Amino acid sequence: MEFTSRDGERRYAELVRAAPRCIVGLDFDGTLSPIVDDPEAAHIHPDASDVLVDLATQVAAVAVITGRPARQVLDLGGLEEVGVAIADAGKELYVFGQYGNERWSSTNRRVISPRPPHGLATFLLELPRTLRNAGAGAAWIEDKGLAVAVHTRRLDDADEAFQRLLPLLRDQARRHDLVVEPGRNVIEIRSPGMHKGLAVDTLVAELDAEAFLFAGDDLGDVEAFEAVAALRERGLPTLLVCSASSEESALVPLSDVVVKGPEGVLDLMRQLTQDARELRA
């Protein structure tokens with residue numbers, strides 16, 4: 001765990017004191033699960049279940065806020081079983097999928113989801129031709145139901161293909177009133193008006209939270225970081241955690257703490273749990 005400043009150390013101490021009133025928000029890919037070439041094989045870190053259940057005993061709630069479909073994250077993470085254990089402890093686990101468009105909780109154990117956005121079906125039909133024209137015809141297309149993700153990680157020229165595709169897909173998305181969310185060798189196209197920051201705001205309002213920790217690793221987490229920073233301006237104890245990698249560093253200057261991937265995130269969650277428990281012993 002590396003604090004980016006003395007303010008980071010102070011903010012961590014404040015968060016420990018506020019732990020019983022704190023929501024812990026966590027991204028999935030790159031934060032709870034290692035990044036892999038095949039997103040369908042991105043299983044949660046093997047220690048995560050035990051760490052999350054123990055963490056939940058010391059905080060107000062735990063939330064996984066991800067760009068993936070909620071059902072997919074529940075399955076890859078074994079989070080339904082985790083939710084049962086957390087509920088048995090009298091606490092709540094939330095999963096916000098597709099940047100907050102989908103929602104699941106350990107109390108209401110079904111995924112609540114809107115209809116797919118207008119224009120997405122037509123965009124998907126046009127997409128193969130766009131990829132071929134960009135010399136990226138072998139890029140993997142992932143249909144998420146409410147969004148489409150184009151993965152370049154498996155291509156020989158993954159970074160170059162990403163750079164070629166990004167402006168083309170932005171133009172195509174704009175024609176269909178959709179927005180683009182770039183990530184680590186992935187470009188996601190979805191409806192406007194929802195992002196992880198709104199999921200943060202929803203949790204704070206519904207649970208009347210008085211503190212917030214968010215951990216993420218990629219550009220899709222920027223809005224969540226901004227929402228937590230706004231809570232800080234209101235006087236709430238907060239902590240922003242970057243799960244660092246060699247591929248993406250945009251969150252580092254926004255963070256209070258930088259850790260090394262999912263293993264580092266879980267180490268920090270263990271430390272927070274221990275410090276909060278000892279403070280109240």
# chains A, B, ... in the order shown; residues from 1 in each chain; ligands from 1
$ residues_around --residues "range 3-13 of chain A" --least-positions-apart "2" --cutoff "10 Å" --atoms "only C-alpha atoms" --output "tab-separated table (two decimals) with C-alpha atoms, in the first residue's frame"
chain	number	residue	atom	x	y	z
A	1	MET	CA	0.00	0.00	0.00
A	15	LEU	CA	-12.11	6.34	7.12
A	16	VAL	CA	-11.17	3.75	9.73
A	17	ARG	CA	-12.89	5.86	12.39
A	18	ALA	CA	-15.97	6.18	10.16
A	19	ALA	CA	-16.00	2.51	9.05
A	213	LEU	CA	-14.12	4.14	-0.24
A	232	ARG	CA	-15.13	14.76	0.20
A	237	PRO	CA	-14.43	10.87	5.02
A	238	THR	CA	-13.38	9.24	1.75
A	239	LEU	CA	-10.57	7.17	0.26
A	240	LEU	CA	-9.75	6.69	-3.43
A	241	VAL	CA	-7.76	3.57	-4.27
A	252	VAL	CA	-2.94	7.35	-10.11
A	253	PRO	CA	-2.94	11.16	-9.78
A	254	LEU	CA	-6.55	11.06	-8.56
A	255	SER	CA	-5.86	8.47	-5.86
A	256	ASP	CA	-5.04	8.59	-2.17
A	257	VAL	CA	-3.62	5.06	-2.19
A	258	VAL	CA	-1.98	3.03	-4.96
A	259	VAL	CA	-1.84	-0.77	-4.65
A	272	LEU	CA	-9.05	-1.76	6.86
A	275	ASP	CA	-7.85	-1.57	11.92
A	276	ALA	CA	-11.60	-0.92	12.21
$ residues_around --residues "Ala250 in chain A" --least-positions-apart "4" --cutoff "10 Å" --atoms "only C-alpha atoms" --output "MDAnalysis selection string"
chainID A and resid 217:219 221:222 242 244 254:255
$ atom_distance --atom1 "CA of Leu268 in chain A" --atom2 "CA of Gln72 in chain A"
25.3 Å
$ residues_around --residues "Glu263 in chain A" --least-positions-apart "6" --cutoff "10 Å" --atoms "only C-alpha atoms" --output "ChimeraX atom specification"
/A:30-34,45-48,243,269
$ write_last_selection --atoms "N, CA and C atoms" --output "mmCIF file, in the first residue's frame"
data_model
loop_
_atom_site.group_PDB
_atom_site.id
_atom_site.type_symbol
_atom_site.label_atom_id
_atom_site.label_comp_id
_atom_site.auth_asym_id
_atom_site.auth_seq_id
_atom_site.Cartn_x
_atom_site.Cartn_y
_atom_site.Cartn_z
ATOM 1 N N GLY A 30 -9.647 -6.113 -12.915
ATOM 2 C CA GLY A 30 -8.451 -5.364 -12.555
ATOM 3 C C GLY A 30 -8.429 -4.916 -11.107
ATOM 4 N N THR A 31 -9.545 -5.099 -10.406
ATOM 5 C CA THR A 31 -9.641 -4.682 -9.009
ATOM 6 C C THR A 31 -9.912 -5.871 -8.098
ATOM 7 N N LEU A 32 -10.929 -6.646 -8.416
ATOM 8 C CA LEU A 32 -11.193 -7.900 -7.706
ATOM 9 C C LEU A 32 -10.773 -9.115 -8.523
ATOM 10 N N SER A 33 -10.665 -8.928 -9.833
ATOM 11 C CA SER A 33 -10.296 -10.022 -10.737
ATOM 12 C C SER A 33 -9.112 -9.599 -11.598
ATOM 13 N N PRO A 34 -8.103 -10.464 -11.765
ATOM 14 C CA PRO A 34 -6.984 -10.119 -12.652
ATOM 15 C C PRO A 34 -7.460 -9.940 -14.088
ATOM 16 N N HIS A 45 -10.512 -13.056 -7.645
ATOM 17 C CA HIS A 45 -9.358 -13.545 -6.896
ATOM 18 C C HIS A 45 -9.821 -14.585 -5.877
ATOM 19 N N PRO A 46 -9.089 -15.685 -5.714
ATOM 20 C CA PRO A 46 -9.561 -16.758 -4.824
ATOM 21 C C PRO A 46 -9.746 -16.348 -3.363
ATOM 22 N N ASP A 47 -9.068 -15.284 -2.923
ATOM 23 C CA ASP A 47 -9.214 -14.839 -1.539
ATOM 24 C C ASP A 47 -10.351 -13.838 -1.352
ATOM 25 N N ALA A 48 -10.935 -13.374 -2.446
ATOM 26 C CA ALA A 48 -11.853 -12.238 -2.360
ATOM 27 C C ALA A 48 -13.096 -12.545 -1.539
ATOM 28 N N SER A 243 -6.001 0.517 -8.239
ATOM 29 C CA SER A 243 -5.397 -0.794 -8.464
ATOM 30 C C SER A 243 -4.507 -0.667 -9.686
ATOM 31 N N MET A 269 -8.080 -4.136 1.941
ATOM 32 C CA MET A 269 -9.353 -4.450 2.586
ATOM 33 C C MET A 269 -9.135 -5.216 3.893
#
$ closest_residue --among "A:Ile86, A:Leu120, A:Met194, A:Ile187" --to "Ser105 in chain A" --atoms "only C-alpha atoms"
A:Ile86
$ residues_around --residues "Val200 in chain A" --least-positions-apart "5" --cutoff "12 Å" --atoms "only C-alpha atoms" --output "PyMOL selection string"
chain A and resi 22-27+62-66+94-96+99-100+194-195+205-209+211-215+221-231
$ residues_around --residues "Asp156 in chain A" --least-positions-apart "6" --cutoff "12 Å" --atoms "only C-alpha atoms" --output "PyMOL selection string"
chain A and resi 135-136+138-139+162+185
$ write_last_selection --atoms "N, CA and C atoms" --output "compact mmCIF listing (two decimals), in the first residue's frame"
# COMPACT_ATOMS: atom_id res chain seq x y z
N GLY A 135 -9.11 -2.68 -40.40
CA GLY A 135 -8.08 -3.71 -40.31
C GLY A 135 -8.08 -4.44 -39.00
N ALA A 136 -9.25 -4.47 -38.35
CA ALA A 136 -9.37 -5.12 -37.04
C ALA A 136 -10.54 -6.10 -37.04
N ALA A 138 -10.68 -9.15 -36.74
CA ALA A 138 -10.60 -10.27 -35.79
C ALA A 138 -10.83 -9.83 -34.35
N ALA A 139 -11.10 -8.54 -34.14
CA ALA A 139 -11.40 -8.08 -32.78
C ALA A 139 -12.64 -8.81 -32.26
N PHE A 162 -6.58 -0.55 -31.18
CA PHE A 162 -7.41 0.25 -30.28
C PHE A 162 -7.43 1.72 -30.74
N ASN A 185 -7.58 -1.89 -23.62
CA ASN A 185 -7.75 -2.71 -24.82
C ASN A 185 -9.20 -3.12 -25.05
$ residues_around --residues "His118 in chain A" --least-positions-apart "6" --cutoff "9 Å" --atoms "only C-alpha atoms" --output "count of residues only"
4
$ closest_residue --among "A:Glu2, A:Leu168, A:Arg21, A:Leu155" --to "Ala56 in chain A" --atoms "only C-alpha atoms"
A:Arg21
$ select_by_dssp --residues "range 109-188 of chain A" --states "helix (DSSP H, G or I)" --output "ChimeraX atom specification"
/A:120-133,158-175
$ atom_distance --atom1 "CA of Gln58 in chain A" --atom2 "CA of Gly261 in chain A"
22.9 Å
$ atom_distance --atom1 "CA of Pro116 in chain A" --atom2 "CA of Ala158 in chain A"
28.5 Å
$ select_by_dssp --residues "range 33-225 of chain A" --states "strand (DSSP E or B)" --output "ChimeraX atom specification"
/A:33,61-65,93-97,102-105,112,140-143,147-151,179-182,186-190,211-216
$ closest_residue --among "A:Ala61, A:Thr107, A:Leu251, A:Leu165" --to "Glu210 in chain A" --atoms "only C-alpha atoms"
A:Ala61
$ decode --residues "range 98-114 of chain A" --atoms "N, CA, C and O atoms" --output "short mmCIF file (atom, residue, chain, number, x, y, z; two decimals), in the first residue's frame"
data_model
loop_
_atom_site.label_atom_id
_atom_site.label_comp_id
_atom_site.auth_asym_id
_atom_site.auth_seq_id
_atom_site.Cartn_x
_atom_site.Cartn_y
_atom_site.Cartn_z
N GLN A 98 -23.16 -3.02 -15.63
CA GLN A 98 -23.25 -2.16 -16.81
C GLN A 98 -23.30 -0.68 -16.40
O GLN A 98 -24.17 0.07 -16.79
N TYR A 99 -22.32 -0.31 -15.56
CA TYR A 99 -22.11 1.07 -15.12
C TYR A 99 -23.28 1.62 -14.30
O TYR A 99 -23.46 2.83 -14.21
N GLY A 100 -24.06 0.73 -13.71
CA GLY A 100 -25.18 1.17 -12.87
C GLY A 100 -26.53 0.97 -13.50
O GLY A 100 -27.56 1.18 -12.85
N ASN A 101 -26.58 0.56 -14.77
CA ASN A 101 -27.86 0.31 -15.42
C ASN A 101 -28.56 -0.92 -14.85
O ASN A 101 -29.79 -1.02 -14.93
N GLU A 102 -27.81 -1.86 -14.31
CA GLU A 102 -28.38 -3.06 -13.71
C GLU A 102 -28.08 -3.07 -12.21
O GLU A 102 -27.05 -2.54 -11.78
N ARG A 103 -28.95 -3.72 -11.47
CA ARG A 103 -28.78 -3.71 -10.01
C ARG A 103 -29.23 -5.04 -9.41
O ARG A 103 -30.24 -5.62 -9.80
N TRP A 104 -28.44 -5.49 -8.43
CA TRP A 104 -28.75 -6.71 -7.66
C TRP A 104 -28.32 -6.45 -6.22
O TRP A 104 -27.37 -5.71 -5.97
N SER A 105 -29.03 -7.04 -5.27
CA SER A 105 -28.60 -6.95 -3.88
C SER A 105 -28.83 -8.28 -3.20
O SER A 105 -29.62 -9.12 -3.67
N SER A 106 -28.16 -8.47 -2.08
CA SER A 106 -28.28 -9.73 -1.36
C SER A 106 -29.62 -9.85 -0.63
O SER A 106 -29.96 -10.92 -0.13
N THR A 107 -30.37 -8.76 -0.57
CA THR A 107 -31.74 -8.82 -0.04
C THR A 107 -32.74 -9.11 -1.15
O THR A 107 -33.58 -10.01 -1.04
N ASN A 108 -32.63 -8.35 -2.24
CA ASN A 108 -33.51 -8.57 -3.40
C ASN A 108 -32.69 -9.30 -4.46
O ASN A 108 -32.04 -8.70 -5.29
N ARG A 109 -32.73 -10.61 -4.45
CA ARG A 109 -31.78 -11.42 -5.23
C ARG A 109 -32.24 -11.67 -6.66
O ARG A 109 -32.37 -12.79 -7.12
N ARG A 110 -32.48 -10.57 -7.36
CA ARG A 110 -32.76 -10.65 -8.79
C ARG A 110 -32.18 -9.41 -9.45
O ARG A 110 -32.09 -8.35 -8.83
N VAL A 111 -31.78 -9.56 -10.70
CA VAL A 111 -31.19 -8.45 -11.43
C VAL A 111 -32.29 -7.58 -12.01
O VAL A 111 -33.16 -8.06 -12.73
N ILE A 112 -32.26 -6.31 -11.66
CA ILE A 112 -33.20 -5.33 -12.20
C ILE A 112 -32.50 -4.61 -13.34
O ILE A 112 -31.42 -4.04 -13.16
N SER A 113 -33.11 -4.64 -14.52
CA SER A 113 -32.43 -4.13 -15.72
C SER A 113 -33.43 -3.42 -16.63
O SER A 113 -34.57 -3.86 -16.77
N PRO A 114 -33.01 -2.32 -17.28
CA PRO A 114 -33.88 -1.64 -18.25
C PRO A 114 -33.83 -2.33 -19.62
O PRO A 114 -33.11 -3.31 -19.81
#
